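Read the structure below first, then the notes.
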Amino acid sequence: MIMSKPICKNILPFIPLILVLGVIACPSISYAADKSQGSLVIVGGGEQTDEITDRFVELAGGAEAKLVVIPTASSDETLPEPKASAITERWRARGIENTVLLHTRDRDEANRNEFSAPLREATAVWISGGAQTRLASAYVGTKVQTELHALLKRGGVIGGTSAGAAIQSGVMIENGNPVPNIGRGLDLLPNAIIDQHFLARNRGNRLIEAIRRHPNLVGIGIDEATALVVQGSRAEVIGDSYVVLVTAAKGDQPTGILTMRKGKKIDLKEFAPKQKSKPIEWAIVVHGGAGSVRDDASDETVQAWRNGLKKALDQGKSIVEEGGTSLDAVAATIRVLEDNPLFNAGKGAVFNSAGEHELDASIMDGKTMDGGAVAGVSTVRNPIGLARLVMEKTRHVLLSGPGAEQFATEQKVERTPNDYFSTERRRESWERVREKEAKKPTVRLSPAQAWQYGTVGCVVLDTHGNLAAGTSTGGLTNKKFGRIGDSPILGAGTYADNQTCGVSATGIGEQFIRHSVTAQISQLMRHRGWTLKRSAEYVLNEQLNKGDGGVIAIDRFGKIEWVYTSPGMFRAAADSEGRYDILIRDEESSD
Ligand code: GLY
């Protein structure tokens with residue numbers, strides 16, 4: 001049975017907050033709900049009142065309703081009996097005979113037409129409570145999300161409680177209090193961030209922090225035993241406690257707070273900041289090494305570098321904008337750079353002290369946090385492809401030297417004589433470095449030299465919400481003793497975690513290994529709640545030496561960043577919002 005027990009909530013804990021913050025002026029509006037736009041019944045958790053359940057059942061079509069219940073937020077991997085029957089029985093007791101359960105943890109399953117078929121017939125969907133991250137991992141970006149939006153468009157109702165409420169916003173609070181971890185929800189209620197158990201669990205500060213980070217959205221804090229019923233932009237509070245609206249501080253205006261209880265009707269449009277905050281669907285960033293062309297370089301030289309970056313960027317962009325995976329886009333982009341003799345990766349790699357080429361590469365999947373890498377390979381035409389095979393075909397992460405070559409033979413990847421990688425430009429620079437080092441052997445590289453070496457890398461956020469990063473290099477000119485740099489080391493040269501960011505580094509590998517640069521950037525975001533920009537700037541500026549190199553990165557919302565302390569960085573970026581940049585020196589991006 002769905003419990004009906006009025007709960008008297010105490011708003012007192014929230015009052016000091018309201019006093020120090022502003023109070024949103026509540027426009028008086030005429031309220032005329034429009035059911036044809038579909039309805040949301042967003043419940044703040046706790047015990048559910050009859051009033052809320054009755055409203056949902058009525059909007060669902062009463063005895064005629066075709067209800068789909070999604071219990072995926074619960075900890076049950078499968079839905080065993082008698083739990084499954086208990087759910088349908090609860091709704092039968094409310095007069096809905098036709099109830100189907102929809103549950104999987106598997107995104108491939110969620111994308112099958114047969115799986116989402118009941119949603120195409122449904123008049124109503126109920127999403128029960130638990131952990132919203134389970135719902136997000138299973139359904140965000142899948143056919144289930146598409147069908148839920150279609151249901152609303154044809155005038156259906158979607159209700160949910162607790163996690164089933166949080167998942168209804170596009171920018172979703174996953175957990176954390178007072179510092180929220182933010183992920184992606186189903187975006188059923190645009191321009192809002194929903195928080196639940198709001199007063200009962202003292203979540204005012206975390207919603208304010210979420211809105212501070214996303215000032216274009218309205219925060220909706222819903223307390224237990226309370227619901228916001230939304231039709232189009234019209235919203236009404238029902239239930240026993242409060243709904244609190246939070247809008248961002250602007251200029252000298254403080255954070256806005258509006259506390260509403262049962263019977264209050266508003267138009268959410270009046271509170272939504274004017275500009276619509278559309279999530280970035282995909283993003284790609286590429287680097288061709290720390291450094292720049294000489295100030296006196298000819299226009300043709302500059303154009304050649306730009307063309308090289310453009311070709312790589314366009315390759316990855318075409319994959320990701322068509323819905324391809326971030327791993328495919330990263331691997332294909334880096335392959336283009338490896339095939340271009342301008343860059344220090346694949347063809348065009350620098351010479352080692354023996355006058356040969358030893359190549360390193362790695363790739364990492366932010367969804368699984370699995371990765372693959374190769375170090376010191378000498379006959380593999382595209383090391384990034386072999387790195388990916390290490391991830392996908394072995395239980396290892398990093399293969400080196402002869403073992404990696406043997407694996408390449410087993411996998412039948414394209415091979416090439418070592419001198420295929422040689423270019424005249426790299427030979428000349430090797431001779432210059434050899435001459436210098438013969439006079440004064442370099443034990444430690446000075447930071448100012450980092451820019452001479454370069455590397456290539458790519459980070460992608462795909463339309464499925466997955467990040468991937470990869471890096472490939474010939475290493476440092478005249479390197480000795482089987483030296484391996486940061487590029488094939490996950491956490492140093494490459495890192496990706498869907499919860500935080502993807503990063504690829506370029507510069508003096510030894511420094512990036514010493515400071516676990518790419519992993520550290522991710523950890524600062526995860527544990528300190530810092531933005532990607534702040535985290536990357538902290539590591540590059542405060543931990544490394546000026547001139548050591550740079551990073552490219554994308555956070556899980558698709559925000560692209562690059563930070564470098566070298567004189568310039570070959571870099572390019574594009575995203576679903578129309579950004580398209582190819583930059584070499586310290587030019588401003590269109591961001
Ligand atoms: N960052 C490339 C290397 O040091 O090998």
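The chains in the structure tokens are called A, B, ... from first to last as shown; in each chain the residues are counted from 1, and the ligands are counted from 1 in the order shown.
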
At a cut-off of 8 Å, using only C-alpha atoms, what residues contact stretch 126-135 of chain A? Leave out same-chain residues fewer than 4 positions from it and give the result as a PDB file with N, CA and C atoms, in the first residue's frame.
```pdb
ATOM      1  N   GLY A  45      10.265  12.528  -1.899  1.00  0.00           N
ATOM      2  CA  GLY A  45      10.614  11.342  -1.111  1.00  0.00           C
ATOM      3  C   GLY A  45       9.810  11.265   0.170  1.00  0.00           C
ATOM      4  N   LEU A  67       0.425   1.940 -17.118  1.00  0.00           N
ATOM      5  CA  LEU A  67       1.525   2.445 -16.295  1.00  0.00           C
ATOM      6  C   LEU A  67       2.787   1.603 -16.473  1.00  0.00           C
ATOM      7  N   VAL A  68       3.925   2.290 -16.626  1.00  0.00           N
ATOM      8  CA  VAL A  68       5.229   1.613 -16.593  1.00  0.00           C
ATOM      9  C   VAL A  68       5.943   2.087 -15.332  1.00  0.00           C
ATOM     10  N   VAL A  69       6.373   1.139 -14.503  1.00  0.00           N
ATOM     11  CA  VAL A  69       7.116   1.493 -13.287  1.00  0.00           C
ATOM     12  C   VAL A  69       8.596   1.174 -13.524  1.00  0.00           C
ATOM     13  N   ILE A  70       9.462   2.150 -13.237  1.00  0.00           N
ATOM     14  CA  ILE A  70      10.914   1.948 -13.391  1.00  0.00           C
ATOM     15  C   ILE A  70      11.535   1.910 -11.989  1.00  0.00           C
ATOM     16  N   PRO A  71      11.910   0.718 -11.516  1.00  0.00           N
ATOM     17  CA  PRO A  71      12.437   0.595 -10.150  1.00  0.00           C
ATOM     18  C   PRO A  71      13.968   0.552 -10.102  1.00  0.00           C
ATOM     19  N   THR A  72      14.627   0.999 -11.177  1.00  0.00           N
ATOM     20  CA  THR A  72      16.071   0.773 -11.356  1.00  0.00           C
ATOM     21  C   THR A  72      16.943   1.505 -10.339  1.00  0.00           C
ATOM     22  N   ALA A  73      16.398   2.511  -9.660  1.00  0.00           N
ATOM     23  CA  ALA A  73      17.206   3.211  -8.645  1.00  0.00           C
ATOM     24  C   ALA A  73      17.475   2.319  -7.434  1.00  0.00           C
ATOM     25  N   SER A  74      16.714   1.250  -7.282  1.00  0.00           N
ATOM     26  CA  SER A  74      16.883   0.395  -6.100  1.00  0.00           C
ATOM     27  C   SER A  74      18.153  -0.443  -6.247  1.00  0.00           C
ATOM     28  N   SER A  75      18.597  -1.043  -5.127  1.00  0.00           N
ATOM     29  CA  SER A  75      19.857  -1.795  -5.165  1.00  0.00           C
ATOM     30  C   SER A  75      19.695  -3.178  -5.782  1.00  0.00           C
ATOM     31  N   ARG A 105      20.141  -2.850 -15.868  1.00  0.00           N
ATOM     32  CA  ARG A 105      21.335  -2.050 -15.560  1.00  0.00           C
ATOM     33  C   ARG A 105      22.190  -1.888 -16.826  1.00  0.00           C
ATOM     34  N   TYR A 139      20.039   4.658 -18.140  1.00  0.00           N
ATOM     35  CA  TYR A 139      19.081   5.181 -19.133  1.00  0.00           C
ATOM     36  C   TYR A 139      19.442   6.515 -19.792  1.00  0.00           C
ATOM     37  N   VAL A 140      20.278   7.334 -19.143  1.00  0.00           N
ATOM     38  CA  VAL A 140      20.525   8.652 -19.769  1.00  0.00           C
ATOM     39  C   VAL A 140      21.224   8.439 -21.119  1.00  0.00           C
ATOM     40  N   ILE A 158       4.718  11.678 -16.078  1.00  0.00           N
ATOM     41  CA  ILE A 158       5.854  10.979 -15.470  1.00  0.00           C
ATOM     42  C   ILE A 158       5.954  11.446 -14.028  1.00  0.00           C
ATOM     43  N   GLY A 159       5.911  10.486 -13.116  1.00  0.00           N
ATOM     44  CA  GLY A 159       6.049  10.806 -11.704  1.00  0.00           C
ATOM     45  C   GLY A 159       7.252  10.083 -11.148  1.00  0.00           C
ATOM     46  N   GLY A 160       7.784  10.618 -10.079  1.00  0.00           N
ATOM     47  CA  GLY A 160       8.918   9.930  -9.467  1.00  0.00           C
ATOM     48  C   GLY A 160       9.155  10.482  -8.086  1.00  0.00           C
ATOM     49  N   THR A 161       9.702   9.636  -7.234  1.00  0.00           N
ATOM     50  CA  THR A 161       9.965  10.076  -5.870  1.00  0.00           C
ATOM     51  C   THR A 161      11.435   9.895  -5.533  1.00  0.00           C
ATOM     52  N   SER A 162      11.972  10.819  -4.748  1.00  0.00           N
ATOM     53  CA  SER A 162      13.355  10.750  -4.289  1.00  0.00           C
ATOM     54  C   SER A 162      14.298  10.687  -5.496  1.00  0.00           C
ATOM     55  N   ALA A 163      15.040   9.561  -5.686  1.00  0.00           N
ATOM     56  CA  ALA A 163      15.900   9.462  -6.876  1.00  0.00           C
ATOM     57  C   ALA A 163      15.084   9.642  -8.154  1.00  0.00           C
ATOM     58  N   GLY A 164      13.833   9.174  -8.108  1.00  0.00           N
ATOM     59  CA  GLY A 164      12.938   9.311  -9.264  1.00  0.00           C
ATOM     60  C   GLY A 164      12.524  10.756  -9.505  1.00  0.00           C
ATOM     61  N   ALA A 165      12.794  11.631  -8.523  1.00  0.00           N
ATOM     62  CA  ALA A 165      12.590  13.073  -8.719  1.00  0.00           C
ATOM     63  C   ALA A 165      13.872  13.699  -9.260  1.00  0.00           C
ATOM     64  N   ALA A 166      15.001  13.372  -8.610  1.00  0.00           N
ATOM     65  CA  ALA A 166      16.282  13.987  -9.005  1.00  0.00           C
ATOM     66  C   ALA A 166      16.600  13.733 -10.474  1.00  0.00           C
ATOM     67  N   ILE A 167      16.291  12.528 -10.938  1.00  0.00           N
ATOM     68  CA  ILE A 167      16.651  12.135 -12.312  1.00  0.00           C
ATOM     69  C   ILE A 167      15.895  12.968 -13.352  1.00  0.00           C
ATOM     70  N   GLU A 174      23.944  14.159  -8.065  1.00  0.00           N
ATOM     71  CA  GLU A 174      24.095  12.711  -7.847  1.00  0.00           C
ATOM     72  C   GLU A 174      24.114  12.382  -6.359  1.00  0.00           C
TER      73      GLU A 174
END
```

(request) Residues within 6 Å of ligand 1 should be enumerated using only C-alpha atoms and all ligand atoms and returned as a ChimeraX atom specification. (result) /A:455,473,475-476,485-487,506-509

(request) Using only C-alpha atoms, determine which residues lie at most 12 Å from A:His464, disregarding the query and same-chain residues fewer than 3 positions distant; provide the list as a PyMOL selection string. (result) chain A and resi 107-108+111+136-143+145+184+280-283+320-327+366-367+460-461+467-468+498+556-558

Export of prior selection with C-alpha atoms as a PDB file, in the first residue's frame:
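Ended up saving to result_33.pdb:
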```pdb
ATOM      1  CA  ARG A 107      22.631   0.318 -21.476  1.00  0.00           C
ATOM      2  CA  ASP A 108      22.687  -1.956 -24.532  1.00  0.00           C
ATOM      3  CA  ASN A 111      18.714   0.760 -26.260  1.00  0.00           C
ATOM      4  CA  ALA A 136      21.436   7.701 -14.952  1.00  0.00           C
ATOM      5  CA  SER A 137      23.962   4.958 -15.773  1.00  0.00           C
ATOM      6  CA  ALA A 138      21.246   2.733 -17.200  1.00  0.00           C
ATOM      7  CA  TYR A 139      19.081   5.181 -19.133  1.00  0.00           C
ATOM      8  CA  VAL A 140      20.525   8.652 -19.769  1.00  0.00           C
ATOM      9  CA  GLY A 141      21.267   8.942 -23.487  1.00  0.00           C
ATOM     10  CA  THR A 142      19.407   5.728 -24.372  1.00  0.00           C
ATOM     11  CA  LYS A 143      16.138   4.938 -26.165  1.00  0.00           C
ATOM     12  CA  GLN A 145      15.157   8.609 -22.379  1.00  0.00           C
ATOM     13  CA  ARG A 184      23.367  14.125 -16.061  1.00  0.00           C
ATOM     14  CA  ILE A 280      26.732  20.350 -24.477  1.00  0.00           C
ATOM     15  CA  GLU A 281      26.073  17.108 -26.366  1.00  0.00           C
ATOM     16  CA  TRP A 282      29.612  16.393 -27.535  1.00  0.00           C
ATOM     17  CA  ALA A 283      33.027  18.000 -27.399  1.00  0.00           C
ATOM     18  CA  VAL A 320      31.370  12.056 -32.444  1.00  0.00           C
ATOM     19  CA  GLU A 321      28.728  14.252 -34.066  1.00  0.00           C
ATOM     20  CA  GLU A 322      27.327  11.162 -35.815  1.00  0.00           C
ATOM     21  CA  GLY A 323      26.885   9.513 -32.409  1.00  0.00           C
ATOM     22  CA  GLY A 324      30.131   7.481 -32.477  1.00  0.00           C
ATOM     23  CA  THR A 325      31.951   6.639 -29.277  1.00  0.00           C
ATOM     24  CA  SER A 326      34.569   8.798 -27.600  1.00  0.00           C
ATOM     25  CA  LEU A 327      37.064   5.906 -27.838  1.00  0.00           C
ATOM     26  CA  GLY A 366      36.222   7.269 -18.818  1.00  0.00           C
ATOM     27  CA  LYS A 367      33.182   5.007 -18.606  1.00  0.00           C
ATOM     28  CA  VAL A 460      36.398  13.530 -26.425  1.00  0.00           C
ATOM     29  CA  LEU A 461      33.012  13.657 -24.690  1.00  0.00           C
ATOM     30  CA  LEU A 467      34.739  10.658 -21.929  1.00  0.00           C
ATOM     31  CA  ALA A 468      37.901   9.179 -23.427  1.00  0.00           C
ATOM     32  CA  ASN A 498      33.277  10.026 -16.555  1.00  0.00           C
ATOM     33  CA  ARG A 556      31.865  15.738 -17.952  1.00  0.00           C
ATOM     34  CA  PHE A 557      29.599  18.594 -19.014  1.00  0.00           C
ATOM     35  CA  GLY A 558      31.606  19.121 -22.192  1.00  0.00           C
TER      36      GLY A 558
END
```

Apply DSSP to the backbone of this structure and, from stretch 341-502 of chain A, keep only the residues in helix (DSSP H, G or I); write these as a short mmCIF file (atom, residue, chain, number, x, y, z; two decimals) with N, CA, C and O atoms, in the first residue's frame.
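Saved file out23.cif follows:
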```cif
data_model
loop_
_atom_site.label_atom_id
_atom_site.label_comp_id
_atom_site.auth_asym_id
_atom_site.auth_seq_id
_atom_site.Cartn_x
_atom_site.Cartn_y
_atom_site.Cartn_z
N PRO A 383 50.79 3.45 -33.08
CA PRO A 383 50.82 2.94 -31.69
C PRO A 383 49.49 3.12 -30.95
O PRO A 383 49.17 2.32 -30.07
N ILE A 384 48.71 4.14 -31.29
CA ILE A 384 47.45 4.35 -30.56
C ILE A 384 46.51 3.16 -30.76
O ILE A 384 45.79 2.76 -29.84
N GLY A 385 46.54 2.59 -31.97
CA GLY A 385 45.68 1.42 -32.25
C GLY A 385 46.11 0.23 -31.42
O GLY A 385 45.27 -0.52 -30.90
N LEU A 386 47.43 0.05 -31.25
CA LEU A 386 47.92 -1.08 -30.46
C LEU A 386 47.58 -0.87 -28.98
O LEU A 386 47.20 -1.81 -28.27
N ALA A 387 47.68 0.38 -28.53
CA ALA A 387 47.32 0.69 -27.13
C ALA A 387 45.86 0.30 -26.88
O ALA A 387 45.52 -0.30 -25.85
N ARG A 388 45.02 0.60 -27.85
CA ARG A 388 43.59 0.26 -27.66
C ARG A 388 43.40 -1.25 -27.61
O ARG A 388 42.58 -1.76 -26.84
N LEU A 389 44.17 -1.97 -28.43
CA LEU A 389 44.06 -3.44 -28.41
C LEU A 389 44.53 -3.99 -27.06
O LEU A 389 44.00 -4.99 -26.57
N VAL A 390 45.55 -3.37 -26.47
CA VAL A 390 45.99 -3.82 -25.13
C VAL A 390 44.82 -3.71 -24.16
O VAL A 390 44.55 -4.62 -23.37
N MET A 391 44.08 -2.61 -24.26
CA MET A 391 42.93 -2.42 -23.37
C MET A 391 41.85 -3.46 -23.65
O MET A 391 41.27 -4.04 -22.73
N GLU A 392 41.59 -3.69 -24.93
CA GLU A 392 40.41 -4.50 -25.28
C GLU A 392 40.68 -6.00 -25.34
O GLU A 392 39.78 -6.80 -25.15
N LYS A 393 41.96 -6.39 -25.61
CA LYS A 393 42.23 -7.81 -25.85
C LYS A 393 43.12 -8.46 -24.80
O LYS A 393 43.44 -9.64 -24.93
N GLY A 401 58.29 -2.62 -25.36
CA GLY A 401 59.38 -3.17 -26.17
C GLY A 401 59.03 -4.43 -26.93
O GLY A 401 57.98 -4.50 -27.60
N PRO A 402 59.89 -5.48 -26.82
CA PRO A 402 59.70 -6.69 -27.62
C PRO A 402 58.34 -7.37 -27.36
O PRO A 402 57.73 -7.91 -28.27
N GLY A 403 57.89 -7.31 -26.11
CA GLY A 403 56.58 -7.92 -25.79
C GLY A 403 55.45 -7.23 -26.53
O GLY A 403 54.55 -7.88 -27.09
N ALA A 404 55.53 -5.92 -26.58
CA ALA A 404 54.49 -5.16 -27.29
C ALA A 404 54.55 -5.47 -28.78
O ALA A 404 53.52 -5.59 -29.46
N GLU A 405 55.79 -5.64 -29.30
CA GLU A 405 55.94 -5.98 -30.73
C GLU A 405 55.33 -7.36 -31.01
O GLU A 405 54.67 -7.57 -32.02
N GLN A 406 55.58 -8.30 -30.07
CA GLN A 406 55.03 -9.65 -30.24
C GLN A 406 53.50 -9.61 -30.24
O GLN A 406 52.83 -10.27 -31.04
N PHE A 407 52.96 -8.80 -29.34
CA PHE A 407 51.51 -8.64 -29.28
C PHE A 407 50.99 -8.05 -30.60
O PHE A 407 49.95 -8.46 -31.13
N ALA A 408 51.76 -7.08 -31.15
CA ALA A 408 51.36 -6.47 -32.44
C ALA A 408 51.30 -7.53 -33.53
O ALA A 408 50.39 -7.53 -34.37
N THR A 409 52.27 -8.47 -33.50
CA THR A 409 52.28 -9.55 -34.50
C THR A 409 51.03 -10.41 -34.33
O THR A 409 50.32 -10.71 -35.30
N GLU A 410 50.77 -10.78 -33.08
CA GLU A 410 49.58 -11.61 -32.80
C GLU A 410 48.29 -10.94 -33.28
O GLU A 410 47.38 -11.57 -33.78
N ASN A 418 61.58 0.73 -39.21
CA ASN A 418 61.75 1.84 -38.27
C ASN A 418 62.04 3.17 -38.99
O ASN A 418 61.60 4.23 -38.54
N ASP A 419 62.75 3.09 -40.13
CA ASP A 419 63.09 4.37 -40.78
C ASP A 419 61.90 5.03 -41.47
O ASP A 419 62.00 6.15 -41.94
N TYR A 420 60.73 4.35 -41.51
CA TYR A 420 59.51 5.00 -42.01
C TYR A 420 59.21 6.25 -41.16
O TYR A 420 58.71 7.25 -41.66
N PHE A 421 59.55 6.19 -39.86
CA PHE A 421 59.19 7.30 -38.96
C PHE A 421 60.11 8.51 -39.14
O PHE A 421 59.81 9.60 -38.66
N GLU A 424 63.62 14.46 -42.27
CA GLU A 424 64.84 15.27 -42.30
C GLU A 424 64.85 16.28 -41.16
O GLU A 424 65.87 16.51 -40.51
N ARG A 425 63.67 16.88 -40.92
CA ARG A 425 63.56 17.91 -39.88
C ARG A 425 63.95 17.35 -38.51
O ARG A 425 64.69 17.96 -37.74
N ARG A 426 63.46 16.14 -38.22
CA ARG A 426 63.78 15.52 -36.92
C ARG A 426 65.25 15.11 -36.84
O ARG A 426 65.87 15.18 -35.79
N ARG A 427 65.80 14.68 -38.01
CA ARG A 427 67.23 14.29 -38.00
C ARG A 427 68.10 15.52 -37.69
O ARG A 427 69.01 15.45 -36.85
N GLU A 428 67.75 16.63 -38.31
CA GLU A 428 68.54 17.85 -38.05
C GLU A 428 68.45 18.25 -36.59
O GLU A 428 69.45 18.60 -35.96
N SER A 429 67.27 18.15 -36.03
CA SER A 429 67.14 18.58 -34.63
C SER A 429 67.86 17.58 -33.71
O SER A 429 68.46 17.96 -32.71
N TRP A 430 67.87 16.27 -34.08
CA TRP A 430 68.62 15.28 -33.31
C TRP A 430 70.10 15.63 -33.33
O TRP A 430 70.79 15.60 -32.30
N GLU A 431 70.61 16.00 -34.53
CA GLU A 431 72.04 16.32 -34.63
C GLU A 431 72.39 17.54 -33.79
O GLU A 431 73.42 17.56 -33.11
N ARG A 432 71.49 18.50 -33.80
CA ARG A 432 71.74 19.71 -32.98
C ARG A 432 71.80 19.34 -31.49
O ARG A 432 72.68 19.75 -30.75
N VAL A 433 70.84 18.53 -31.06
CA VAL A 433 70.77 18.16 -29.63
C VAL A 433 71.99 17.30 -29.26
O VAL A 433 72.61 17.49 -28.20
N ARG A 434 72.39 16.38 -30.16
CA ARG A 434 73.54 15.51 -29.88
C ARG A 434 74.81 16.34 -29.68
O ARG A 434 75.61 16.09 -28.78
N GLU A 435 74.95 17.30 -30.56
CA GLU A 435 76.13 18.17 -30.50
C GLU A 435 76.16 18.91 -29.16
O GLU A 435 77.17 18.94 -28.47
N LYS A 436 75.02 19.45 -28.80
CA LYS A 436 74.91 20.20 -27.54
C LYS A 436 75.22 19.29 -26.36
O LYS A 436 75.97 19.64 -25.45
N GLU A 437 74.61 18.10 -26.39
CA GLU A 437 74.76 17.19 -25.24
C GLU A 437 76.17 16.61 -25.15
O GLU A 437 76.63 16.23 -24.08
N ALA A 438 76.87 16.52 -26.30
CA ALA A 438 78.25 16.02 -26.28
C ALA A 438 79.13 17.01 -25.52
O ALA A 438 80.03 16.62 -24.78
N LYS A 439 78.80 18.29 -25.68
CA LYS A 439 79.58 19.31 -24.97
C LYS A 439 79.22 19.35 -23.49
O LYS A 439 80.07 19.45 -22.63
N PRO A 447 63.19 23.33 -17.98
CA PRO A 447 61.81 23.51 -18.39
C PRO A 447 61.68 24.23 -19.72
O PRO A 447 60.85 23.88 -20.53
N ALA A 448 62.56 25.20 -19.95
CA ALA A 448 62.42 26.01 -21.16
C ALA A 448 62.54 25.16 -22.43
O ALA A 448 62.16 25.59 -23.50
N GLN A 449 63.10 23.94 -22.31
CA GLN A 449 63.26 23.13 -23.51
C GLN A 449 62.03 22.30 -23.85
O GLN A 449 61.98 21.71 -24.91
N ALA A 450 61.09 22.24 -22.98
CA ALA A 450 59.96 21.33 -23.17
C ALA A 450 59.29 21.53 -24.52
O ALA A 450 58.93 20.58 -25.19
N TRP A 451 59.15 22.78 -24.90
CA TRP A 451 58.40 23.09 -26.09
C TRP A 451 59.01 22.50 -27.35
O TRP A 451 58.36 22.39 -28.38
N GLN A 452 60.30 22.13 -27.27
CA GLN A 452 60.94 21.62 -28.48
C GLN A 452 60.45 20.22 -28.85
O GLN A 452 60.75 19.74 -29.92
#
```

Give me the stretch 85-192 of chain A side of the contact with stretch 211-216 of chain A, cut-off 9 Å, one line per residue showing its nearest atom pair and distance in Å at one decimal, counting only C-alpha atoms, sorted by chain and residue number, as a Markdown table.
```
| residue | atom | partner | partner_atom | distance |
| --- | --- | --- | --- | --- |
| A:Val171 | CA | A:His214 | CA | 8.5 |
| A:Asn191 | CA | A:Asn216 | CA | 7.1 |
| A:Ala192 | CA | A:Asn216 | CA | 8.6 |
```

(message) I'd like the interatomic distance between atom CA of A:Gly219 and atom CA of A:Gln48, to a tenth of an Å.
(response)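 Pair atom CA of A:Gly219 / atom CA of A:Gln48 returns 22.0 Å.
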
(message) Quick check, in Å to one decimal: how far apart do atom CA of A:Ser39 and atom CA of A:Gln231 lie?
(response)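 It comes out at 4.7 Å.
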
(request) Skip A:Val459 itself and residues of its chain fewer than 4 positions away, then list as a ChimeraX atom specification all residues within 12 Å of it, counting only C-alpha atoms. (result) /A:282-287,313,316-317,320,325-334,362-366,466-471,493-498,501-505,518,551-556,558-562,571-575

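Atom to atom, atom CA of A:Thr226 and atom CA of A:Thr104 stand 28.3 Å apart.
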
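Residue neighbourhood of A:Asn205, excluding near-sequence residues (fewer than 6 positions): Asn177, Pro178 and Val179 of chain A, at 8 Å, using only C-alpha atoms.
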
(message) Taking only stretch 38-105 of chain A into account, list the residues labelled strand (DSSP E or B) by DSSP (computed from the backbone), as number ranges by chain.
(response) A: 39-43, 66-70, 98-101

Would you pick out the contacts of A:Asp187 at 6 Å or less, using only C-alpha atoms, so that residues sharing its chain but fewer than 3 positions from it are not included, and give the list as a compact mmCIF listing (two decimals) with N, CA, C and O atoms, in the first residue's frame?
```txt
# COMPACT_ATOMS: atom_id res chain seq x y z
N GLN A 168 14.83 13.69 -12.93
CA GLN A 168 14.01 14.38 -13.91
C GLN A 168 14.64 15.67 -14.44
O GLN A 168 14.20 16.21 -15.44
N SER A 169 15.70 16.18 -13.75
CA SER A 169 16.35 17.36 -14.33
C SER A 169 17.50 16.92 -15.23
O SER A 169 17.96 15.78 -15.17
N GLY A 170 17.96 17.85 -16.10
CA GLY A 170 19.05 17.54 -17.03
C GLY A 170 20.39 17.59 -16.32
O GLY A 170 21.22 16.69 -16.44
N PRO A 190 13.24 20.92 -18.24
CA PRO A 190 14.40 21.71 -18.68
C PRO A 190 14.67 22.88 -17.73
O PRO A 190 13.78 23.35 -17.03
```
